[in-house]
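S.K.: Quick one, model37.tsv (TSV, C-alpha atoms and all ligand atoms):
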chain	number	residue	atom	x	y	z
D	1	MET	CA	213.96	78.45	340.24
D	2	PRO	CA	210.83	79.92	341.81
D	3	TYR	CA	210.52	83.62	340.95
D	4	SER	CA	210.47	86.15	343.79
D	5	ILE	CA	207.70	87.91	341.85
D	6	PRO	CA	205.40	85.32	340.19
D	7	PHE	CA	203.41	86.19	337.07
D	8	ILE	CA	200.07	85.54	338.78
D	9	LYS	CA	199.27	85.68	342.48
D	10	PRO	CA	195.55	85.32	343.17
D	11	VAL	CA	193.98	86.56	346.40
D	12	PHE	CA	191.35	84.24	347.89
D	13	PRO	CA	188.90	84.77	350.73
D	14	ASP	CA	190.15	83.75	354.16
D	15	PRO	CA	190.10	79.92	354.41
D	16	SER	CA	187.93	80.13	357.55
D	17	VAL	CA	185.21	81.88	355.53
D	18	VAL	CA	185.30	79.19	352.86
D	19	ALA	CA	185.28	76.52	355.60
D	20	ALA	CA	182.04	78.02	356.97
D	21	ASP	CA	180.53	78.00	353.46
D	22	PHE	CA	181.51	74.37	353.04
D	23	ALA	CA	179.84	73.55	356.36
D	24	ASP	CA	176.62	75.09	354.90
D	25	ILE	CA	176.98	72.91	351.82
D	26	VAL	CA	177.42	69.74	353.89
D	27	ALA	CA	174.46	70.72	356.09
D	28	SER	CA	172.26	71.22	353.01
D	29	ASN	CA	173.51	67.92	351.52
D	30	TRP	CA	173.57	69.61	348.09
D	31	TYR	CA	176.95	69.61	346.34
D	32	THR	CA	176.21	70.43	342.70
D	33	ASN	CA	173.35	70.52	340.12
D	34	PHE	CA	172.20	74.15	340.52
D	35	GLY	CA	172.26	74.12	344.34
D	36	PRO	CA	171.57	77.09	346.61
D	37	LYS	CA	175.08	78.61	346.31
D	38	GLU	CA	175.04	78.34	342.51
D	39	ARG	CA	171.56	79.91	342.35
D	40	LEU	CA	172.75	82.85	344.48
D	41	PHE	CA	175.99	83.19	342.50
D	42	SER	CA	174.36	83.24	339.06
D	43	ALA	CA	171.73	85.75	340.23
D	44	ALA	CA	174.42	87.97	341.74
D	45	LEU	CA	176.53	87.81	338.55
D	46	GLY	CA	173.55	88.91	336.45
D	47	ARG	CA	172.80	91.81	338.83
D	48	TYR	CA	176.45	92.86	338.80
D	49	ILE	CA	176.51	93.15	334.99
D	50	GLY	CA	173.22	95.01	334.76
D	51	GLU	CA	169.45	95.11	334.67
D	52	GLY	CA	167.98	92.39	332.45
D	53	TYR	CA	171.12	90.22	332.17
D	54	HIS	CA	170.99	86.46	332.76
D	55	ALA	CA	174.12	84.68	333.97
D	56	VAL	CA	174.59	80.97	333.33
D	57	THR	CA	177.48	79.52	335.32
D	58	PHE	CA	179.79	76.80	333.98
D	59	ALA	CA	182.55	74.53	335.26
D	60	ASN	CA	184.99	76.63	333.19
D	61	ALA	CA	184.98	79.17	330.37
D	62	THR	CA	186.02	76.71	327.66
D	63	LEU	CA	182.86	74.66	328.24
D	64	ALA	CA	180.88	77.92	328.36
D	65	LEU	CA	182.29	78.89	324.94
D	66	MET	CA	181.40	75.49	323.46
D	67	ALA	CA	177.89	75.73	324.87
D	68	LEU	CA	177.46	79.28	323.58
D	69	ILE	CA	178.64	78.48	320.06
D	70	GLN	CA	176.39	75.43	319.80
D	71	GLY	CA	173.56	77.31	321.56
D	72	THR	CA	173.60	80.23	319.09
D	73	LEU	CA	174.71	78.59	315.81
D	74	GLY	CA	173.44	75.05	316.31
D	75	ARG	CA	175.77	72.11	316.09
D	76	GLY	CA	177.98	72.42	313.00
D	77	ASP	CA	179.05	69.73	310.53
D	78	GLY	CA	182.63	71.04	310.26
D	79	SER	CA	182.12	72.97	307.02
D	80	ARG	CA	181.18	76.50	308.15
D	81	HIS	CA	183.46	79.13	309.70
D	82	VAL	CA	183.54	81.23	312.84
D	83	ILE	CA	185.74	84.32	312.73
D	84	VAL	CA	188.22	84.51	315.63
D	85	PRO	CA	191.53	86.33	316.19
D	86	SER	CA	194.77	84.35	316.24
D	87	PHE	CA	196.11	86.63	318.97
D	88	THR	CA	194.10	85.00	321.74
D	89	PHE	CA	194.11	81.97	324.01
D	90	ALA	CA	193.67	78.64	322.19
D	91	ALA	CA	190.48	77.79	324.13
D	92	GLY	CA	188.40	80.09	321.85
D	93	PRO	CA	189.43	78.48	318.54
D	94	ALA	CA	189.26	75.00	320.15
D	95	SER	CA	185.69	75.58	321.35
D	96	ILE	CA	184.73	76.58	317.78
D	97	GLU	CA	185.94	73.17	316.59
D	98	TRP	CA	184.26	71.30	319.42
D	99	ALA	CA	180.95	72.90	318.38
D	100	GLY	CA	181.49	71.66	314.81
D	101	TYR	CA	182.83	74.79	313.06
D	102	ARG	CA	186.17	75.86	311.60
D	103	PRO	CA	188.06	78.78	313.10
D	104	TYR	CA	188.80	81.48	310.49
D	105	PHE	CA	191.71	83.50	311.88
D	106	VAL	CA	191.86	87.27	311.53
D	107	ASP	CA	194.74	89.61	312.29
D	108	VAL	CA	195.12	91.95	315.24
D	109	ASP	CA	195.02	95.74	315.43
D	110	MET	CA	198.47	97.03	316.47
D	111	ASP	CA	197.17	99.92	318.60
D	112	THR	CA	194.53	98.13	320.60
D	113	LEU	CA	195.74	94.48	320.42
D	114	GLN	CA	192.10	93.72	319.61
D	115	PRO	CA	191.00	91.70	316.54
D	116	SER	CA	191.06	93.45	313.18
D	117	LEU	CA	187.61	94.72	312.28
D	118	ASP	CA	188.69	95.20	308.63
D	119	ASP	CA	189.74	91.56	308.32
D	120	ALA	CA	186.43	90.44	309.82
D	121	ARG	CA	184.50	92.67	307.41
D	122	ARG	CA	186.40	91.26	304.42
D	123	ALA	CA	185.71	87.71	305.60
D	124	LEU	CA	181.99	88.42	306.05
D	125	GLU	CA	181.80	90.04	302.61
D	126	ASN	CA	183.65	87.21	300.90
D	127	PRO	CA	181.01	85.18	299.01
D	128	GLN	CA	183.40	82.18	298.91
D	129	LEU	CA	183.55	81.96	302.70
D	130	ASP	CA	180.59	80.60	304.62
D	131	VAL	CA	180.72	82.47	307.95
D	132	ALA	CA	178.26	81.35	310.62
D	133	GLY	CA	179.33	83.65	313.46
D	134	VAL	CA	181.97	85.85	315.05
D	135	LEU	CA	183.87	85.09	318.25
D	136	VAL	CA	185.53	88.39	319.04
D	137	CYS	CA	187.92	88.50	321.96
D	138	ASN	CA	188.32	91.25	324.53
D	139	THR	CA	192.10	90.83	324.50
D	140	PHE	CA	193.51	90.37	328.03
D	141	GLY	CA	190.02	91.22	329.32
D	142	ILE	CA	190.30	94.79	327.99
D	143	GLY	CA	187.01	96.15	326.63
D	144	ASN	CA	187.37	96.51	322.84
D	145	PRO	CA	187.12	100.25	322.01
D	146	ALA	CA	185.42	99.34	318.69
D	147	ILE	CA	182.84	96.98	320.20
D	148	ALA	CA	179.89	98.99	318.81
D	149	HIS	CA	181.35	98.58	315.28
D	150	TRP	CA	181.61	94.82	315.82
D	151	GLU	CA	177.98	94.75	316.92
D	152	SER	CA	176.83	96.63	313.81
D	153	LEU	CA	179.01	94.51	311.49
D	154	ALA	CA	177.54	91.28	312.92
D	155	ALA	CA	173.99	92.69	312.75
D	156	GLN	CA	174.51	93.79	309.14
D	157	HIS	CA	175.47	90.22	308.22
D	158	SER	CA	172.83	88.64	310.50
D	159	VAL	CA	175.36	86.55	312.43
D	160	PRO	CA	175.69	86.34	316.22
D	161	LEU	CA	178.49	88.30	317.88
D	162	LEU	CA	179.92	86.20	320.70
D	163	VAL	CA	182.50	87.79	322.98
D	164	ASP	CA	185.29	85.93	324.77
D	165	SER	CA	185.91	88.23	327.75
D	166	ALA	CA	187.54	85.48	329.82
D	167	ALA	CA	189.86	87.67	331.89
D	168	GLY	CA	187.58	90.71	331.81
D	169	PHE	CA	185.05	90.40	334.62
D	170	ALA	CA	184.66	93.92	336.13
D	171	SER	CA	186.29	95.56	333.09
D	172	ARG	CA	184.52	98.46	331.36
D	173	TYR	CA	184.14	99.44	327.72
D	174	ALA	CA	185.43	102.87	326.68
D	175	ASN	CA	181.90	104.32	327.01
D	176	GLY	CA	181.64	103.09	330.61
D	177	ALA	CA	179.35	100.09	329.94
D	178	ALA	CA	180.27	96.89	331.77
D	179	VAL	CA	182.15	94.24	329.82
D	180	GLY	CA	179.53	91.48	329.75
D	181	THR	CA	176.85	93.63	328.11
D	182	ALA	CA	177.93	93.41	324.44
D	183	GLY	CA	176.95	91.23	321.53
D	184	THR	CA	174.62	88.24	321.72
D	185	ALA	CA	176.48	87.06	324.82
D	186	GLU	CA	179.83	87.36	326.61
D	187	VAL	CA	181.87	84.68	328.36
D	188	PHE	CA	183.92	85.07	331.55
D	189	SER	CA	186.42	82.72	333.18
D	190	PHE	CA	186.93	82.38	336.92
D	191	HIS	CA	190.16	80.41	336.50
D	192	ALA	CA	192.75	81.00	339.23
D	193	THR	CA	194.82	83.05	336.78
D	194	LYS	CA	192.09	85.66	336.18
D	195	PRO	CA	191.41	88.74	338.33
D	196	PHE	CA	188.10	87.13	339.38
D	197	ALA	CA	189.64	83.90	340.68
D	198	VAL	CA	187.65	80.89	341.87
D	199	GLY	CA	189.97	78.09	340.72
D	200	GLU	CA	187.84	76.69	337.89
D	201	GLY	CA	184.61	78.31	336.78
D	202	GLY	CA	183.00	80.40	334.08
D	203	ALA	CA	179.79	82.14	333.05
D	204	VAL	CA	177.86	83.34	330.02
D	205	LEU	CA	176.05	86.67	330.29
D	206	THR	CA	173.16	87.42	327.95
D	207	ARG	CA	169.88	89.33	327.80
D	208	ASP	CA	168.33	86.44	325.87
D	209	ALA	CA	166.33	84.34	328.37
D	210	ALA	CA	165.70	81.52	325.89
D	211	LEU	CA	169.43	81.27	325.15
D	212	ALA	CA	170.17	81.18	328.90
D	213	THR	CA	167.76	78.25	329.30
D	214	ARG	CA	169.34	76.43	326.38
D	215	LEU	CA	172.82	76.88	327.87
D	216	SER	CA	171.62	75.54	331.24
D	217	GLU	CA	170.24	72.48	329.47
D	218	PHE	CA	173.43	71.96	327.44
D	219	GLN	CA	175.55	71.84	330.59
D	220	ASN	CA	173.17	69.30	332.14
D	221	PHE	CA	173.48	66.58	329.45
D	222	GLY	CA	171.09	68.46	327.14
D	223	PHE	CA	168.18	67.48	329.42
D	224	SER	CA	164.98	69.45	329.06
D	225	SER	CA	162.05	69.17	331.48
D	226	GLY	CA	160.89	65.55	331.52
D	227	LEU	CA	162.03	64.79	327.96
D	228	GLY	CA	165.60	63.63	328.61
D	229	SER	CA	168.24	64.86	326.15
D	230	VAL	CA	166.87	67.25	323.54
D	231	GLU	CA	170.29	68.05	322.08
D	232	LEU	CA	173.86	66.84	322.39
D	233	GLY	CA	174.91	68.11	325.81
D	234	LEU	CA	177.67	67.74	328.33
D	235	ASN	CA	178.22	67.85	332.05
D	236	ALA	CA	179.60	71.37	332.56
D	237	LYS	CA	177.98	72.39	335.84
D	238	LEU	CA	179.60	74.60	338.46
D	239	GLN	CA	179.74	72.80	341.80
D	240	GLU	CA	178.62	74.39	345.07
D	241	VAL	CA	182.06	74.93	346.61
D	242	ASN	CA	183.17	76.92	343.58
D	243	ALA	CA	179.95	78.94	343.60
D	244	ALA	CA	180.52	79.71	347.29
D	245	ILE	CA	184.03	80.97	346.58
D	246	GLY	CA	182.65	82.97	343.65
D	247	LEU	CA	180.06	84.65	345.89
D	248	ARG	CA	182.82	85.68	348.30
D	249	GLN	CA	185.04	86.95	345.48
D	250	LEU	CA	182.19	88.96	344.00
D	251	GLU	CA	181.96	90.98	347.24
D	252	LEU	CA	185.66	91.85	346.89
D	253	ILE	CA	186.02	92.30	343.13
D	254	ASP	CA	185.57	96.08	342.89
D	255	ALA	CA	188.21	96.74	345.55
D	256	ALA	CA	190.50	94.13	343.95
D	257	VAL	CA	190.22	95.74	340.52
D	258	ALA	CA	190.73	99.27	341.90
D	259	ASP	CA	193.92	98.01	343.54
D	260	ARG	CA	195.13	96.37	340.32
D	261	GLN	CA	194.43	99.59	338.40
D	262	THR	CA	196.66	101.45	340.90
D	263	VAL	CA	199.54	99.09	340.08
D	264	LEU	CA	198.92	99.68	336.36
D	265	ALA	CA	198.94	103.46	336.94
D	266	THR	CA	202.34	103.14	338.65
D	267	TYR	CA	203.75	101.38	335.56
D	268	ARG	CA	202.22	103.91	333.18
D	269	GLU	CA	203.63	106.84	335.07
D	270	ALA	CA	207.08	105.25	335.28
D	271	PHE	CA	207.16	104.50	331.53
D	272	VAL	CA	205.73	107.77	330.30
D	273	GLU	CA	209.01	108.83	328.65
D	274	ALA	CA	210.09	105.34	327.60
D	275	PRO	CA	209.38	103.72	324.19
D	276	ILE	CA	206.78	101.45	325.80
D	277	ARG	CA	203.16	101.36	324.59
D	278	PHE	CA	200.10	100.24	326.51
D	279	PRO	CA	197.01	98.90	324.68
D	280	THR	CA	194.08	101.30	324.35
D	281	ASN	CA	191.56	101.22	327.23
D	282	ILE	CA	193.72	99.01	329.48
D	283	GLU	CA	193.09	101.53	332.29
D	284	SER	CA	189.39	100.57	332.35
D	285	SER	CA	190.14	96.85	332.54
D	286	SER	CA	190.39	94.44	335.45
D	287	VAL	CA	194.16	94.31	334.66
D	288	CYS	CA	194.93	90.59	334.68
D	289	PHE	CA	198.51	91.70	333.95
D	290	ALA	CA	200.09	94.72	332.25
D	291	SER	CA	200.84	93.94	328.62
D	292	VAL	CA	203.03	96.43	326.82
D	293	LEU	CA	204.60	96.67	323.37
D	294	LEU	CA	208.33	97.30	323.10
D	295	PRO	CA	209.89	98.95	320.02
D	296	THR	CA	211.62	95.83	318.63
D	297	HIS	CA	211.75	92.07	318.95
D	298	SER	CA	215.30	92.21	320.34
D	299	ALA	CA	214.33	94.88	322.90
D	300	ARG	CA	211.47	92.65	324.05
D	301	ASP	CA	213.66	89.55	324.31
D	302	ALA	CA	216.34	91.49	326.21
D	303	ALA	CA	213.75	92.95	328.62
D	304	LEU	CA	212.17	89.56	329.21
D	305	ALA	CA	215.57	87.99	329.92
D	306	ALA	CA	216.54	90.83	332.28
D	307	LEU	CA	213.28	90.53	334.22
D	308	LEU	CA	213.58	86.74	334.54
D	309	ALA	CA	217.19	87.12	335.72
D	310	ALA	CA	215.99	89.60	338.36
D	311	GLY	CA	213.49	87.02	339.67
D	312	VAL	CA	210.46	88.56	337.96
D	313	GLU	CA	208.22	86.13	336.11
D	314	ALA	CA	207.25	88.30	333.12
D	315	ARG	CA	205.83	86.62	329.99
D	316	ALA	CA	205.59	87.07	326.24
D	317	TYR	CA	201.85	86.53	326.25
D	318	TYR	CA	200.03	85.36	324.03
D	319	SER	CA	202.83	83.54	322.27
D	320	PRO	CA	202.92	81.62	319.99
D	321	ALA	CA	199.92	82.96	318.05
D	322	VAL	CA	197.19	80.33	317.78
D	323	HIS	CA	197.43	79.98	313.95
D	324	LEU	CA	201.07	78.88	314.36
D	325	GLN	CA	200.30	76.22	316.97
D	326	PRO	CA	200.50	72.75	315.36
D	327	HIS	CA	196.86	71.79	315.77
D	328	PHE	CA	195.64	75.01	314.13
D	329	ALA	CA	198.34	75.32	311.47
D	330	SER	CA	196.04	74.31	308.61
D	331	ALA	CA	193.03	76.41	309.64
D	332	PRO	CA	191.99	79.10	307.13
D	333	ARG	CA	192.98	82.70	307.78
D	334	SER	CA	192.99	86.13	306.22
D	335	GLY	CA	196.49	86.18	304.74
D	336	ASP	CA	199.60	85.67	306.82
D	337	LEU	CA	198.49	87.88	309.75
D	338	PRO	CA	201.50	90.25	309.76
D	339	ALA	CA	200.31	92.40	312.67
D	340	THR	CA	199.82	89.30	314.82
D	341	GLY	CA	203.43	88.33	314.11
D	342	ALA	CA	204.64	91.83	315.00
D	343	VAL	CA	202.65	91.90	318.26
D	344	VAL	CA	203.75	88.42	319.32
D	345	ASP	CA	207.38	89.49	318.73
D	346	THR	CA	207.19	92.69	320.77
D	347	VAL	CA	204.62	92.09	323.50
D	348	LEU	CA	205.71	91.79	327.11
D	349	SER	CA	203.34	91.07	329.98
D	350	LEU	CA	204.30	92.33	333.41
D	351	PRO	CA	202.90	90.89	336.64
D	352	VAL	CA	200.17	92.84	338.41
D	353	HIS	CA	199.17	91.59	341.86
D	354	GLN	CA	196.53	92.87	344.17
D	355	GLY	CA	198.34	94.69	346.98
D	356	MET	CA	201.64	94.57	345.07
D	357	PRO	CA	204.37	96.08	347.26
D	358	GLU	CA	206.28	99.13	346.10
D	359	GLU	CA	209.58	97.15	346.13
D	360	SER	CA	208.11	94.83	343.51
D	361	THR	CA	206.85	97.50	341.13
D	362	SER	CA	210.06	99.50	341.47
D	363	LEU	CA	212.22	96.42	340.77
D	364	ILE	CA	210.17	95.72	337.64
D	365	VAL	CA	210.27	99.35	336.48
D	366	ARG	CA	214.01	99.69	337.10
D	367	THR	CA	214.88	96.40	335.38
D	368	LEU	CA	212.80	97.20	332.32
D	369	LEU	CA	214.08	100.78	331.95
D	370	GLU	CA	217.72	99.66	332.34
D	371	SER	CA	217.23	96.98	329.72
D	372	ILE	CA	215.79	99.52	327.27
D	373	ASP	CA	218.60	102.02	327.96
D	374	ALA	CA	221.20	99.32	327.36
D	375	ALA	CA	219.68	98.37	323.97
Y	401	LIG	C1	191.54	81.92	330.31
Y	401	LIG	C2	190.95	82.05	328.97
Y	401	LIG	C3	190.05	81.09	328.47
Y	401	LIG	C4	189.78	79.78	329.15
Y	401	LIG	O1	189.15	79.88	330.39
Y	401	LIG	P1	188.98	78.55	331.27
Y	401	LIG	O2	188.03	78.98	332.37
Y	401	LIG	O3	190.35	78.23	331.81
Y	401	LIG	O4	188.44	77.48	330.43
Y	401	LIG	C5	189.46	81.32	327.24
Y	401	LIG	N1	189.73	82.41	326.51
Y	401	LIG	C6	190.59	83.37	326.95
Y	401	LIG	C7	190.84	84.57	326.11
Y	401	LIG	C8	191.24	83.21	328.18
Y	401	LIG	O5	192.11	84.15	328.58
Written as structure tokens, that's how I'd like the structure from this file.
Ligand SMILES: *Cc1c(COP(=O)(O)O)cnc(C)c1O
M.R.:
Amino acid sequence: MPYSIPFIKPVFPDPSVVAADFADIVASNWYTNFGPKERLFSAALGRYIGEGYHAVTFANATLALMALIQGTLGRGDGSRHVIVPSFTFAAGPASIEWAGYRPYFVDVDMDTLQPSLDDARRALENPQLDVAGVLVCNTFGIGNPAIAHWESLAAQHSVPLLVDSAAGFASRYANGAAVGTAGTAEVFSFHATKPFAVGEGGAVLTRDAALATRLSEFQNFGFSSGLGSVELGLNAKLQEVNAAIGLRQLELIDAAVADRQTVLATYREAFVEAPIRFPTNIESSSVCFASVLLPTHSARDAALAALLAAGVEARAYYSPAVHLQPHFASAPRSGDLPATGAVVDTVLSLPVHQGMPEESTSLIVRTLLESIDAA
């Protein structure tokens, strides 16, 4: 049954605008390989994030993560570890393996839904564990309130801090800095499910010009000027049509995010007296959806069932945790990750659409509050 309120509903530029862009592309006879639209898009992304930032576009964020891990740590031989939360999307841990490292799973912080800094510190201080780097995740695109502590922890141990901010383009950290400015580099996705929706696409943002060059080479078969392949590379380039859509979306992103934050504010106000918790700093995020924590596993399951029955496609997201997915079941971890289990059991993600009508938000609010009252 199609839901009357889908989980994700991207807004794209008017098709006539994209048709005109495509006519430009055909006229220039340049479809991919760092063409004029891609050059404009990557420059505009860098300017959007801030002075001195380089943006390297990719065909998607998973390839961007692989490139970034190999580009900062070198290609691994499968023996060293990269710290990553289990409460994330599987693309992060998978990209660690593709780059030749082992994911080392850490727990989550119950208040923020961000990775546990204490677990990461213990892993870095453990002389038995060879940690090459840290892939922290801005959960649901929300700027981690402790990001400065992650930066100092990584610096103290002389390992790169890489940030998976896939859903977080146009989010802000608690101190007002743009998500995209932290660590050695941050990664964004422009997948159709993210607030900045192109279809497929991604980017790495960094201040390190040499790293940016290396990432551009990686995504072009590892080719470096006149030498051919200088390292193991891939084809991970963003084609012109996607860059053109990205340029159009970039003009609209601030208004889109402001609108999504209004929907979030409606939920927050409606739930102010209910036993429903929002993750810290969600209000400064691009609000890919509104994840909340309910008091118990049974309350969450009942609320999810009630919403689905009312035609609302809510989700228990991210579930299952990555360390419990079959491929990752034998990967090392810091204990049995109890907070991750508790979050996965009680999290509920509510749809947030740009321009969401009042009937939709009030149906969602009413259904959720009734389900909690009945419990
Ligand atoms: C969406 C997402 C990705 C993957 O992005 P793609 O562009 O689809 O490859 C990676 N990490 C996180 C946390 C995500 O939410």
S.K.: From the set D:Tyr53, D:Phe87, D:Phe289, D:Phe34, which residue has the shortest atom-to-atom contact distance to Val179 in chain D, counting all atoms listed in the file?
M.R.: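 Among the listed residues, the smallest separation from Val179 in chain D belongs to D:Tyr53.
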S.K.: Considering all atoms listed in the file, return as a list in words whatever protein or nucleic-acid residues lie within 10 Å of Ser152 in chain D, sequence-local ones (same chain, fewer than 6 positions apart) excluded.
M.R.: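 Close residues of Ser152 in chain D: Ser158, Leu161 and Gly183 of chain D.
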S.K.: Counting only C-alpha atoms and all ligand atoms, which of D:Glu186, D:Glu251, D:Glu359, D:Asp14 gets nearest to ligand LIG 401 (chain Y)?
M.R.: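 Result for the nearest residue to ligand LIG 401 (chain Y): D:Glu186.
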S.K.: Please, what distance in Å, to one decimal, runs between CA of Ala170 in chain D and CA of Leu368 in chain D?
M.R.: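 Taking CA of Ala170 in chain D as the start and CA of Leu368 in chain D as the end point, the length is 28.6 Å.
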S.K.: Rank D:Ser225, D:Thr193, D:Arg366, D:Thr32 by their smallest atom-to-atom distance to Ala274 in chain D, using all atoms listed in the file, and report the top residue only.
M.R.: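 Among the listed residues, the smallest separation from Ala274 in chain D belongs to D:Arg366.
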S.K.: What does the list of residues within 9 Å of ligand LIG 401 (chain Y) look like if you count only C-alpha atoms and all ligand atoms, written as a compact mmCIF listing (two decimals) with C-alpha atoms, keeping the file's coordinate frame?
M.R.:
# COMPACT_ATOMS: atom_id res chain seq x y z
CA PHE D 58 179.79 76.80 333.98
CA ALA D 59 182.55 74.53 335.26
CA ASN D 60 184.99 76.63 333.19
CA ALA D 61 184.98 79.17 330.37
CA THR D 62 186.02 76.71 327.66
CA LEU D 63 182.86 74.66 328.24
CA ALA D 64 180.88 77.92 328.36
CA LEU D 65 182.29 78.89 324.94
CA THR D 88 194.10 85.00 321.74
CA PHE D 89 194.11 81.97 324.01
CA ALA D 90 193.67 78.64 322.19
CA ALA D 91 190.48 77.79 324.13
CA GLY D 92 188.40 80.09 321.85
CA PRO D 93 189.43 78.48 318.54
CA CYS D 137 187.92 88.50 321.96
CA ASN D 138 188.32 91.25 324.53
CA THR D 139 192.10 90.83 324.50
CA PHE D 140 193.51 90.37 328.03
CA GLY D 141 190.02 91.22 329.32
CA ASP D 164 185.29 85.93 324.77
CA SER D 165 185.91 88.23 327.75
CA ALA D 166 187.54 85.48 329.82
CA ALA D 167 189.86 87.67 331.89
CA GLY D 168 187.58 90.71 331.81
CA VAL D 187 181.87 84.68 328.36
CA PHE D 188 183.92 85.07 331.55
CA SER D 189 186.42 82.72 333.18
CA PHE D 190 186.93 82.38 336.92
CA HIS D 191 190.16 80.41 336.50
CA ALA D 192 192.75 81.00 339.23
CA THR D 193 194.82 83.05 336.78
CA LYS D 194 192.09 85.66 336.18
CA GLY D 199 189.97 78.09 340.72
CA GLU D 200 187.84 76.69 337.89
CA GLY D 201 184.61 78.31 336.78
CA GLY D 202 183.00 80.40 334.08
CA ALA D 203 179.79 82.14 333.05
S.K.: With all atoms listed in the file as the counted atoms, please give the residues lying no more than 12 Å from Asp373 in chain D, apart from itself and same-chain residues fewer than 3 positions off, as a list in words.
M.R.: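 With the cut-off at 12 Å, the set is Glu273, Ala274, Pro275, Ala299, Ala302, Ala303, Arg366, Thr367, Leu368, Leu369 and Glu370 of chain D.
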S.K.: Arg80 in chain D: which residues within 10 Å, counting only C-alpha atoms, same-chain residues fewer than 5 positions away excluded, as a PyMOL selection string?
M.R.: chain D and resi 100-104+129-133
S.K.: Would you mind reading off the distance between CA of Leu308 in chain D and CA of Val365 in chain D, one decimal, in Å?
M.R.: 13.2 Å
S.K.: Ranking D:Gly180, D:Pro115, D:Pro195, D:Pro320 by minimum distance to Leu45 in chain D and counting all atoms listed in the file, which one comes first?
M.R.: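 Smallest separation from Leu45 in chain D among the options: D:Gly180.
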S.K.: Find the residue from D:Gln70, D:Gln128, D:Ser116, D:Thr184 that sits nearest to Ile83 in chain D; use all atoms listed in the file when measuring.
M.R.: D:Ser116
S.K.: Contacts of Val352 in chain D at 8 Å or less, counting all atoms listed in the file, minus same-chain residues fewer than 6 places along, as number ranges by chain?
M.R.: D: 7-8, 260, 263-264, 287-290
S.K.: Which one of D:Leu113, D:Ala210, D:Ile245, D:Ala236 sits closest to Ser16 in chain D if you count only C-alpha atoms?
M.R.: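 Answer, going by the shortest atom-to-atom distance: D:Ile245.
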S.K.: Give, as AutoDock Vina command-line options, the centre coordinates and the x, y and z edge lengths in Å to one decimal for an axis-aligned box around all listed atoms of range 28-40 of chain D, padded by 5 Å on each side.
M.R.:
--center_x 174.3 --center_y 75.4 --center_z 346.6 --size_x 15.4 --size_y 24.9 --size_z 22.9
S.K.: Can you work out the spacing between CA of Val204 in chain D and CA of Ala243 in chain D in Å, to one decimal?
M.R.: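 A separation of 14.4 Å between them.
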S.K.: Which residues, written as a ChimeraX atom specification, have at least one atom at most 10 Å from Glu38 in chain D, with all atoms listed in the file counted and residues fewer than 3 positions away on the same chain left out?
M.R.: /D:31-35,41-44,56-58,237-244,246-247
S.K.: What would the list of residues within 10 Å of (205.8, 93.8, 329.6) (file frame) look like as a ChimeraX atom specification, if only C-alpha atoms are what count?
M.R.: /D:267,276-278,289-294,300,303-304,307,314-317,346-351,364-365,368
